[in-house]
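Shown below: my_file39.cif, with mmCIF, C-alpha atoms and all ligand atoms.
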data_run
loop_
_atom_site.label_atom_id
_atom_site.label_comp_id
_atom_site.auth_asym_id
_atom_site.auth_seq_id
_atom_site.Cartn_x
_atom_site.Cartn_y
_atom_site.Cartn_z
CA MET A 110 -9.75 0.44 -5.93
CA PRO A 111 -6.83 -1.98 -5.37
CA PRO A 112 -3.97 -0.55 -3.34
CA THR A 113 -1.05 1.34 -4.77
CA ALA A 114 2.30 1.28 -3.02
CA PRO A 115 3.05 3.97 -0.50
CA PRO A 116 5.93 6.17 -1.72
CA MET A 117 9.39 4.62 -1.39
CA ALA A 118 11.59 6.17 1.29
CA ASP A 119 14.36 8.43 0.02
CA VAL A 120 16.91 6.47 1.99
CA PRO A 121 17.46 3.61 -0.44
CA SER A 122 18.60 0.78 1.82
CA GLU A 123 16.00 1.33 4.56
CA PRO A 124 13.61 -1.68 4.65
CA ARG A 125 9.87 -0.93 4.35
CA ALA A 126 7.03 -3.08 5.53
CA ILE A 127 3.92 -3.50 3.38
CA ASN A 128 1.32 -6.04 4.51
CA GLY A 129 3.88 -7.66 6.79
CA LEU A 130 6.47 -8.04 4.00
CA ARG A 131 9.89 -6.46 4.31
CA ILE A 132 10.60 -4.62 1.05
CA ARG A 133 14.17 -3.43 0.63
CA ARG A 134 15.81 -1.49 -2.13
CA PHE A 135 19.58 -1.83 -2.11
CA HIS A 136 21.73 -0.44 -4.91
CA GLY A 137 18.68 -0.41 -7.17
CA VAL A 138 17.68 -4.01 -6.39
CA VAL A 139 14.31 -4.62 -4.72
CA THR A 140 13.72 -7.70 -2.62
CA ALA A 141 10.61 -8.72 -0.73
CA GLY A 142 10.53 -11.28 2.03
CA ARG A 143 8.31 -12.40 4.84
CA PRO A 144 10.01 -13.22 8.14
CA ARG A 145 9.40 -16.94 8.65
CA PRO A 146 10.83 -18.10 11.95
CA GLN A 147 9.82 -21.75 11.85
CA PRO A 148 7.42 -23.24 9.28
CA ARG A 149 4.78 -25.48 10.82
CA MET A 150 4.95 -29.03 9.56
CA ALA A 151 2.00 -31.34 9.06
CA LEU A 152 1.97 -35.03 8.42
CA ALA A 153 -0.24 -36.25 5.59
CA GLY A 154 0.07 -39.96 5.01
CA ARG A 155 3.76 -40.75 4.58
CA ARG A 156 4.62 -37.28 3.26
CA ARG A 157 5.55 -34.21 5.28
CA HIS A 158 4.34 -30.89 3.94
CA SER A 159 5.29 -27.42 4.97
CA VAL A 160 2.02 -25.67 5.91
CA ASP A 161 2.46 -22.07 4.93
CA ARG A 162 0.54 -19.01 3.83
CA TYR A 163 -0.76 -20.38 0.53
CA GLY A 164 -0.44 -23.86 1.83
CA SER A 165 -2.60 -26.83 2.37
CA SER A 166 -1.43 -30.36 2.80
CA THR A 167 -4.04 -31.81 0.45
CA GLY A 168 -3.45 -32.67 -3.20
CA ALA A 169 -6.48 -30.51 -4.09
CA ALA A 170 -4.53 -27.35 -3.36
CA MET A 171 -2.07 -27.63 -6.24
CA THR A 172 -2.42 -23.97 -7.15
CA ASP A 173 -1.55 -23.06 -3.57
CA ASP A 174 1.63 -25.13 -3.83
CA VAL A 175 2.67 -23.31 -6.99
CA LEU A 176 2.02 -19.91 -5.42
CA GLN A 177 3.98 -20.91 -2.34
CA GLY A 178 6.80 -22.00 -4.66
CA TYR A 179 6.86 -18.52 -6.21
CA ALA A 180 6.72 -16.88 -2.80
CA ASP A 181 9.68 -18.95 -1.59
CA ALA A 182 11.73 -18.24 -4.72
CA ALA A 183 10.79 -14.54 -4.95
CA PRO A 184 14.16 -13.09 -3.84
CA GLY A 185 15.89 -14.79 -6.77
CA LEU A 186 13.03 -14.41 -9.23
CA ILE A 187 12.51 -10.66 -8.86
CA PRO A 188 15.81 -9.64 -10.51
CA ARG A 189 15.48 -12.45 -13.09
CA PHE A 190 12.01 -11.31 -14.13
CA GLU A 191 13.08 -7.68 -14.25
CA ALA A 192 16.12 -8.45 -16.43
CA ILE A 193 13.90 -9.59 -19.33
CA SER A 194 13.21 -7.02 -22.02
CA PRO A 195 9.46 -6.89 -22.75
CA ALA A 196 10.17 -5.53 -26.23
CA LEU A 197 12.16 -8.68 -27.04
CA LEU A 198 9.84 -11.03 -25.15
CA TYR A 199 6.75 -9.90 -27.08
CA ARG A 200 8.41 -9.99 -30.51
CA PRO A 201 6.28 -12.99 -31.64
CA VAL A 202 3.09 -10.93 -31.10
CA ASN A 203 4.44 -7.39 -31.26
CA ASP A 204 2.35 -6.41 -34.28
CA LEU A 205 -0.82 -7.42 -32.40
CA LEU A 206 -0.23 -5.15 -29.39
CA PRO A 207 -2.50 -2.08 -29.29
CA THR A 208 -1.17 1.17 -30.70
CA ILE A 209 -3.97 3.37 -29.32
CA PRO A 210 -4.57 3.78 -25.55
CA SER A 211 -6.30 0.59 -24.45
CA ARG A 212 -7.46 -1.28 -21.37
CA ILE A 213 -5.01 -4.13 -20.69
CA ALA A 214 -4.93 -6.86 -18.03
CA ASP A 215 -1.65 -8.67 -17.32
CA ILE A 216 -2.64 -11.85 -15.47
CA GLY A 217 0.11 -13.61 -13.53
CA ALA A 218 1.98 -10.33 -13.81
CA GLY A 219 4.90 -11.25 -11.56
CA THR A 220 6.76 -8.04 -10.75
CA GLY A 221 4.77 -6.02 -13.28
CA ARG A 222 7.65 -5.62 -15.73
CA ASP A 223 5.33 -5.91 -18.75
CA ALA A 224 2.52 -3.99 -17.07
CA ALA A 225 4.96 -1.10 -16.51
CA TRP A 226 6.17 -1.26 -20.10
CA LEU A 227 2.60 -1.06 -21.39
CA ALA A 228 1.51 1.61 -18.90
CA GLY A 229 4.50 3.66 -20.05
CA GLN A 230 3.01 3.56 -23.56
CA GLY A 231 -0.19 5.18 -22.32
CA HIS A 232 -2.36 2.12 -21.76
CA ARG A 233 -4.53 1.61 -18.67
CA VAL A 234 -3.08 -1.52 -17.13
CA LEU A 235 -4.37 -3.88 -14.46
CA ALA A 236 -1.65 -6.19 -13.11
CA VAL A 237 -3.13 -9.32 -11.52
CA GLU A 238 -0.69 -11.19 -9.29
CA PRO A 239 -1.60 -13.50 -6.39
CA VAL A 240 1.85 -13.78 -4.78
CA ASP A 241 2.41 -10.96 -2.28
CA GLU A 242 6.19 -11.16 -2.56
CA LEU A 243 6.05 -10.44 -6.30
CA ARG A 244 3.10 -8.04 -6.36
CA LEU A 245 4.38 -5.83 -3.54
CA ALA A 246 7.89 -5.75 -4.95
CA GLY A 247 6.37 -4.78 -8.30
CA MET A 248 4.43 -1.94 -6.71
CA VAL A 249 7.68 -0.53 -5.38
CA LEU A 250 9.78 -1.18 -8.47
CA HIS A 251 7.26 0.39 -10.82
CA GLU A 252 5.73 3.04 -8.61
CA ALA A 253 6.67 5.71 -11.18
CA VAL A 254 4.08 4.41 -13.66
CA PRO A 255 0.33 4.20 -13.05
CA ILE A 256 -0.46 0.47 -12.73
CA GLN A 257 -3.56 -0.81 -10.97
CA TRP A 258 -2.70 -3.95 -8.95
CA LEU A 259 -5.02 -6.76 -7.99
CA ASP A 260 -4.53 -9.83 -5.81
CA ASP A 261 -6.47 -12.46 -7.74
CA ARG A 262 -5.81 -15.80 -9.37
CA LEU A 263 -6.71 -18.07 -12.22
CA PRO A 264 -8.80 -19.92 -13.07
CA ASP A 265 -11.76 -18.08 -11.51
CA LEU A 266 -10.44 -14.52 -11.24
CA VAL A 267 -13.24 -13.77 -8.81
CA GLN A 268 -12.15 -10.21 -8.01
CA MET A 269 -11.49 -9.12 -11.54
CA GLN A 270 -14.15 -6.95 -13.15
CA GLY A 271 -14.50 -5.19 -16.46
CA SER A 272 -13.90 -5.58 -20.13
CA PHE A 273 -10.38 -5.53 -21.56
CA ASP A 274 -9.03 -4.82 -25.04
CA LEU A 275 -6.07 -7.08 -24.31
CA LEU A 276 -5.56 -9.84 -21.76
CA LEU A 277 -1.99 -11.08 -21.40
CA LEU A 278 -1.01 -14.37 -19.81
CA SER A 279 2.75 -14.55 -20.13
CA ALA A 280 4.26 -17.73 -18.69
CA VAL A 281 1.38 -18.72 -16.42
CA TRP A 282 -0.80 -21.17 -18.43
CA GLN A 283 1.60 -24.08 -17.70
CA HIS A 284 0.63 -23.94 -14.03
CA LEU A 285 -3.01 -24.80 -14.72
CA ASP A 286 -4.30 -28.30 -15.35
CA ASP A 287 -6.77 -29.04 -18.12
CA ARG A 288 -9.87 -28.52 -15.99
CA GLU A 289 -8.53 -25.19 -14.72
CA ARG A 290 -7.61 -24.15 -18.26
CA GLN A 291 -11.15 -24.72 -19.47
CA CYS A 292 -12.53 -22.69 -16.60
CA ALA A 293 -9.91 -19.97 -17.16
CA MET A 294 -10.70 -19.76 -20.87
CA ARG A 295 -14.39 -19.28 -20.10
CA ARG A 296 -13.53 -16.50 -17.65
CA LEU A 297 -11.16 -14.85 -20.14
CA ARG A 298 -13.98 -14.82 -22.69
CA GLN A 299 -16.20 -12.96 -20.20
CA LEU A 300 -13.48 -10.37 -19.58
CA THR A 301 -12.62 -9.74 -23.24
CA ALA A 302 -14.05 -6.62 -24.91
CA PRO A 303 -15.99 -7.14 -28.18
CA ALA A 304 -12.96 -6.52 -30.42
CA GLY A 305 -10.50 -7.68 -27.78
CA LEU A 306 -7.56 -10.05 -27.86
CA VAL A 307 -6.12 -12.68 -25.50
CA ILE A 308 -2.40 -13.45 -25.74
CA ILE A 309 -1.05 -16.56 -23.99
CA SER A 310 2.45 -18.02 -23.96
CA LEU A 311 2.75 -21.77 -23.40
CA ARG A 312 5.86 -23.20 -21.80
CA HIS A 313 7.40 -26.41 -23.16
CA GLY A 314 10.16 -28.41 -21.51
CA PRO A 315 11.09 -28.86 -17.87
CA GLY A 316 9.64 -26.77 -15.04
CA ALA A 317 11.43 -25.35 -12.02
CA PRO A 318 11.59 -27.32 -8.77
CA GLY A 319 8.74 -26.36 -6.43
CA ARG A 320 6.63 -24.73 -9.17
CA ARG A 321 4.68 -27.58 -10.77
CA ILE A 322 3.78 -27.33 -14.43
CA HIS A 323 1.53 -29.36 -16.74
CA VAL A 324 2.10 -30.19 -20.39
CA ALA A 325 0.64 -27.34 -22.44
CA ALA A 326 -0.15 -28.48 -25.97
CA PRO A 327 -0.95 -25.60 -28.36
CA GLU A 328 -3.70 -27.63 -30.05
CA ASP A 329 -5.48 -28.08 -26.70
CA ALA A 330 -5.36 -24.35 -25.95
CA VAL A 331 -6.63 -23.59 -29.47
CA ARG A 332 -9.47 -26.07 -29.07
CA MET A 333 -10.49 -24.61 -25.71
CA ALA A 334 -10.33 -21.05 -27.00
CA GLU A 335 -12.34 -21.80 -30.13
CA ALA A 336 -14.95 -23.64 -28.03
CA GLU A 337 -15.47 -20.34 -26.20
CA GLY A 338 -15.94 -18.41 -29.43
CA PHE A 339 -12.40 -17.11 -29.97
CA VAL A 340 -10.65 -17.14 -33.33
CA THR A 341 -6.96 -18.08 -33.39
CA VAL A 342 -5.00 -15.23 -34.92
CA ARG A 343 -1.41 -16.24 -34.09
CA GLN A 344 0.57 -19.36 -33.23
CA LYS A 345 4.33 -18.89 -33.14
CA GLN A 346 7.27 -20.71 -31.56
CA ALA A 347 9.98 -18.88 -29.60
CA ASP A 348 13.16 -19.74 -27.72
CA SER A 349 13.38 -18.99 -24.03
CA MET A 350 14.71 -15.51 -23.21
CA GLN A 351 16.52 -16.80 -20.11
CA PRO A 352 19.89 -18.45 -20.91
CA GLY A 353 19.52 -21.02 -18.10
CA ASN A 354 16.06 -22.08 -19.29
CA ARG A 355 17.20 -22.12 -22.91
CA ALA A 356 20.06 -24.44 -21.98
CA ALA A 357 17.58 -26.65 -20.11
CA GLY A 358 15.47 -27.02 -23.27
CA VAL A 359 12.64 -24.62 -22.42
CA SER A 360 10.80 -23.11 -25.38
CA TRP A 361 7.49 -21.31 -25.86
CA THR A 362 4.47 -21.13 -28.11
CA TRP A 363 2.78 -17.76 -28.38
CA LEU A 364 -0.94 -17.85 -29.10
CA ALA A 365 -3.31 -14.98 -29.77
CA PHE A 366 -7.07 -15.31 -29.76
CA GLY A 367 -9.46 -12.65 -30.99
CA LEU A 368 -13.19 -12.16 -31.01
CA GLY A 369 -15.09 -11.75 -34.26
C1 LIG Q 401 6.78 -17.53 -14.74
S1 LIG Q 401 6.00 -16.27 -13.85
C2 LIG Q 401 5.69 -15.08 -15.13
C3 LIG Q 401 5.55 -13.68 -14.61
C4 LIG Q 401 5.36 -12.62 -15.69
N1 LIG Q 401 4.13 -12.81 -16.42
C5 LIG Q 401 6.53 -12.66 -16.64
O1 LIG Q 401 6.34 -12.95 -17.84
O2 LIG Q 401 7.65 -12.39 -16.17
C6 LIG Q 401 4.39 -16.90 -13.53
C7 LIG Q 401 3.54 -15.94 -12.73
O3 LIG Q 401 2.21 -16.44 -12.65
C8 LIG Q 401 1.76 -16.34 -11.32
N2 LIG Q 401 0.78 -17.41 -11.11
C9 LIG Q 401 0.98 -18.72 -10.88
N3 LIG Q 401 -0.18 -19.36 -10.75
C10 LIG Q 401 -1.16 -18.43 -10.93
C11 LIG Q 401 -2.59 -18.46 -10.92
N4 LIG Q 401 -3.26 -19.58 -10.69
N5 LIG Q 401 -3.25 -17.29 -11.16
C12 LIG Q 401 -2.58 -16.14 -11.41
N6 LIG Q 401 -1.24 -16.05 -11.42
C13 LIG Q 401 -0.54 -17.19 -11.17
C14 LIG Q 401 3.00 -16.50 -10.47
O4 LIG Q 401 2.82 -15.99 -9.18
C15 LIG Q 401 4.01 -15.74 -11.31
O5 LIG Q 401 4.01 -14.39 -11.03
#
Kindly transcribe the structure held in the file into structure tokens.
Amino acid sequence: MPPTAPPMADVPSEPRAINGLRIRRFHGVVTAGRPRPQPRMALAGRRRHSVDRYGSSTGAAMTDDVLQGYADAAPGLIPRFEAISPALLYRPVNDLLPTIPSRIADIGAGTGRDAAWLAGQGHRVLAVEPVDELRLAGMVLHEAVPIQWLDDRLPDLVQMQGSFDLLLLSAVWQHLDDRERQCAMRRLRQLTAPAGLVIISLRHGPGAPGRRIHVAAPEDAVRMAEAEGFVTVRQKQADSMQPGNRAAGVSWTWLAFGLG
């Protein structure tokens, strides 16, 4: 069973350490950080790379770079993620969300905002998040609701087991390249229950510095999904929920794929 967070101390501003991370709650705000005295530096060709926890200095480790980017930005991202209303975010697919208790996996769950929202509605939710800084903060922030947490990552999701009525990938597909997307789609098919659904949001427009994204064309995702036996049941455009991203020209396509 993946770990759940130990109970939060009653004294709100006292820092707690989980897996070497300092988790603090201060006036209702949770931050998670790893003390990093001096990052090691490695030379690779003419470029210098910071070699860190997720890190590798080779181009083959692009996923690691993205995860390190999220880890580095976690103190600012945690409150930003938590400020988004899941009810508004999921409006483009709201009518497709299960209304009876279901088994749901939120992959690339961030702080577990959506996982907590769904668990609060009586669903059994697995939140899959590979970045410690986000996952551990989420465990603390949402300890009042029963979420199962898992440290695993796309495209292979090697730890993840089971069969899910709904798999959610909100704002993560843009970090995969085409080869990874194909592999991920195959894995999602294996994890989808017979009458299950996969919901994916695709980001369009600029990415954030340090968190590389790839162009995510809806027609490519549809083609990959249908090649795995899914049927496309929704394709809908949406503006960004975050004012800064909206101003920068970020928009989204919501896709839903069903079986049978
Ligand atoms: C933009 S955030 C979205 C978080 C959350 N789903 C939300 O809507 O607020 C992208 C999330 O995907 C995670 N992520 C990035 N690459 C991933 C991968 N290869 N596998 C799983 N999660 C990944 C990041 O750590 C981050 O939590």
Atomic separation - CA of Ser349 (chain A) relative to CA of Trp361 (chain A), Å
6.6 Å
Using all atoms listed in the file, determine which residues lie at most 9 Å from Phe366 (chain A), disregarding the query and same-chain residues fewer than 4 positions distant; provide the list as a PDB file with C-alpha atoms, in the frame of the given file.
ATOM      1  CA  GLY A 305     -10.500  -7.680 -27.780  1.00  0.00           C
ATOM      2  CA  LEU A 306      -7.560 -10.050 -27.860  1.00  0.00           C
ATOM      3  CA  VAL A 307      -6.120 -12.680 -25.500  1.00  0.00           C
ATOM      4  CA  ILE A 308      -2.400 -13.450 -25.740  1.00  0.00           C
ATOM      5  CA  ILE A 309      -1.050 -16.560 -23.990  1.00  0.00           C
ATOM      6  CA  VAL A 331      -6.630 -23.590 -29.470  1.00  0.00           C
ATOM      7  CA  ALA A 334     -10.330 -21.050 -27.000  1.00  0.00           C
ATOM      8  CA  GLU A 335     -12.340 -21.800 -30.130  1.00  0.00           C
ATOM      9  CA  PHE A 339     -12.400 -17.110 -29.970  1.00  0.00           C
ATOM     10  CA  VAL A 340     -10.650 -17.140 -33.330  1.00  0.00           C
ATOM     11  CA  THR A 341      -6.960 -18.080 -33.390  1.00  0.00           C
ATOM     12  CA  VAL A 342      -5.000 -15.230 -34.920  1.00  0.00           C
ATOM     13  CA  ARG A 343      -1.410 -16.240 -34.090  1.00  0.00           C
TER      14      ARG A 343
END
Around ligand LIG 401 (chain Q), fit a box with edges along x, y and z, padding it by 8 Å on each side, then list its centre and edge lengths in Å to one decimal as AutoDock Vina command-line options.
--center_x 2.2 --center_y -16.0 --center_z -13.5 --size_x 26.9 --size_y 23.2 --size_z 24.7
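Every residue having at least one atom no farther than 6 Å from ligand LIG 401 (chain Q) is included below, with all atoms listed in the file taken into account: Thr172, Leu176, Tyr179, Phe190, Ile216, Gly217, Ala218, Gly219, Glu238, Pro239, Val240, Arg262, Leu263, Ser279, Ala280, Val281 and His284 of chain A.
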How many Å lie between CA of Gly358 (chain A) and CA of Pro318 (chain A), rounded to one decimal?
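Value for the CA of Gly358 (chain A)-CA of Pro318 (chain A) distance: 15.0 Å.
Pairwise distance (CA of Leu198 (chain A), CA of Met269 (chain A)) equals 25.4 Å.
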Pick out the closest residue to Gln346 (chain A) from this set: A:Arg321, A:His313, A:Arg288, A:Arg233. Count only C-alpha atoms.
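Residue with the minimum atom-to-atom distance to Gln346 (chain A): A:His313.
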Here is a test: counting all atoms listed in the file, which residue of A:Ala347, A:Val175, A:Ala317, A:Gly367 is nearest to Pro201 (chain A)?
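Ranked by minimum distance to Pro201 (chain A), first place goes to A:Ala347.
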For region 330-344 of chain A, where the input has fewer atoms than it should, I would like N, CA and C atoms rebuilt and written as a PDB file, in the frame of the given file.
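The resulting part16.pdb:
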ATOM      1  N   ALA A 330      -4.994 -25.742 -26.268  1.00  0.00           N
ATOM      2  CA  ALA A 330      -5.360 -24.350 -25.950  1.00  0.00           C
ATOM      3  C   ALA A 330      -6.222 -23.765 -27.078  1.00  0.00           C
ATOM      4  N   VAL A 331      -5.860 -24.079 -28.323  1.00  0.00           N
ATOM      5  CA  VAL A 331      -6.630 -23.590 -29.470  1.00  0.00           C
ATOM      6  C   VAL A 331      -8.053 -24.150 -29.420  1.00  0.00           C
ATOM      7  N   ARG A 332      -8.148 -25.439 -29.134  1.00  0.00           N
ATOM      8  CA  ARG A 332      -9.470 -26.070 -29.070  1.00  0.00           C
ATOM      9  C   ARG A 332     -10.333 -25.420 -27.979  1.00  0.00           C
ATOM     10  N   MET A 333      -9.736 -25.222 -26.809  1.00  0.00           N
ATOM     11  CA  MET A 333     -10.490 -24.610 -25.710  1.00  0.00           C
ATOM     12  C   MET A 333     -10.922 -23.189 -26.054  1.00  0.00           C
ATOM     13  N   ALA A 334     -10.017 -22.442 -26.664  1.00  0.00           N
ATOM     14  CA  ALA A 334     -10.330 -21.050 -27.000  1.00  0.00           C
ATOM     15  C   ALA A 334     -11.443 -21.004 -28.045  1.00  0.00           C
ATOM     16  N   GLU A 335     -11.338 -21.839 -29.043  1.00  0.00           N
ATOM     17  CA  GLU A 335     -12.340 -21.800 -30.130  1.00  0.00           C
ATOM     18  C   GLU A 335     -13.689 -22.283 -29.615  1.00  0.00           C
ATOM     19  N   ALA A 336     -13.678 -23.188 -28.637  1.00  0.00           N
ATOM     20  CA  ALA A 336     -14.950 -23.640 -28.030  1.00  0.00           C
ATOM     21  C   ALA A 336     -15.646 -22.495 -27.305  1.00  0.00           C
ATOM     22  N   GLU A 337     -14.877 -21.503 -26.889  1.00  0.00           N
ATOM     23  CA  GLU A 337     -15.470 -20.340 -26.200  1.00  0.00           C
ATOM     24  C   GLU A 337     -15.807 -19.209 -27.169  1.00  0.00           C
ATOM     25  N   GLY A 338     -15.569 -19.426 -28.448  1.00  0.00           N
ATOM     26  CA  GLY A 338     -15.940 -18.410 -29.430  1.00  0.00           C
ATOM     27  C   GLY A 338     -14.782 -17.550 -29.915  1.00  0.00           C
ATOM     28  N   PHE A 339     -13.550 -17.863 -29.485  1.00  0.00           N
ATOM     29  CA  PHE A 339     -12.400 -17.110 -29.970  1.00  0.00           C
ATOM     30  C   PHE A 339     -11.970 -17.625 -31.342  1.00  0.00           C
ATOM     31  N   VAL A 340     -11.265 -16.760 -32.058  1.00  0.00           N
ATOM     32  CA  VAL A 340     -10.650 -17.140 -33.330  1.00  0.00           C
ATOM     33  C   VAL A 340      -9.134 -17.068 -33.115  1.00  0.00           C
ATOM     34  N   THR A 341      -8.418 -18.077 -33.574  1.00  0.00           N
ATOM     35  CA  THR A 341      -6.960 -18.080 -33.390  1.00  0.00           C
ATOM     36  C   THR A 341      -6.327 -17.179 -34.450  1.00  0.00           C
ATOM     37  N   VAL A 342      -5.598 -16.160 -33.960  1.00  0.00           N
ATOM     38  CA  VAL A 342      -5.000 -15.230 -34.920  1.00  0.00           C
ATOM     39  C   VAL A 342      -3.468 -15.337 -34.958  1.00  0.00           C
ATOM     40  N   ARG A 343      -2.876 -16.084 -34.055  1.00  0.00           N
ATOM     41  CA  ARG A 343      -1.410 -16.240 -34.090  1.00  0.00           C
ATOM     42  C   ARG A 343      -1.025 -17.513 -33.358  1.00  0.00           C
ATOM     43  N   GLN A 344      -0.071 -18.228 -33.927  1.00  0.00           N
ATOM     44  CA  GLN A 344       0.570 -19.360 -33.230  1.00  0.00           C
ATOM     45  C   GLN A 344       2.024 -19.352 -33.678  1.00  0.00           C
TER      46      GLN A 344
END
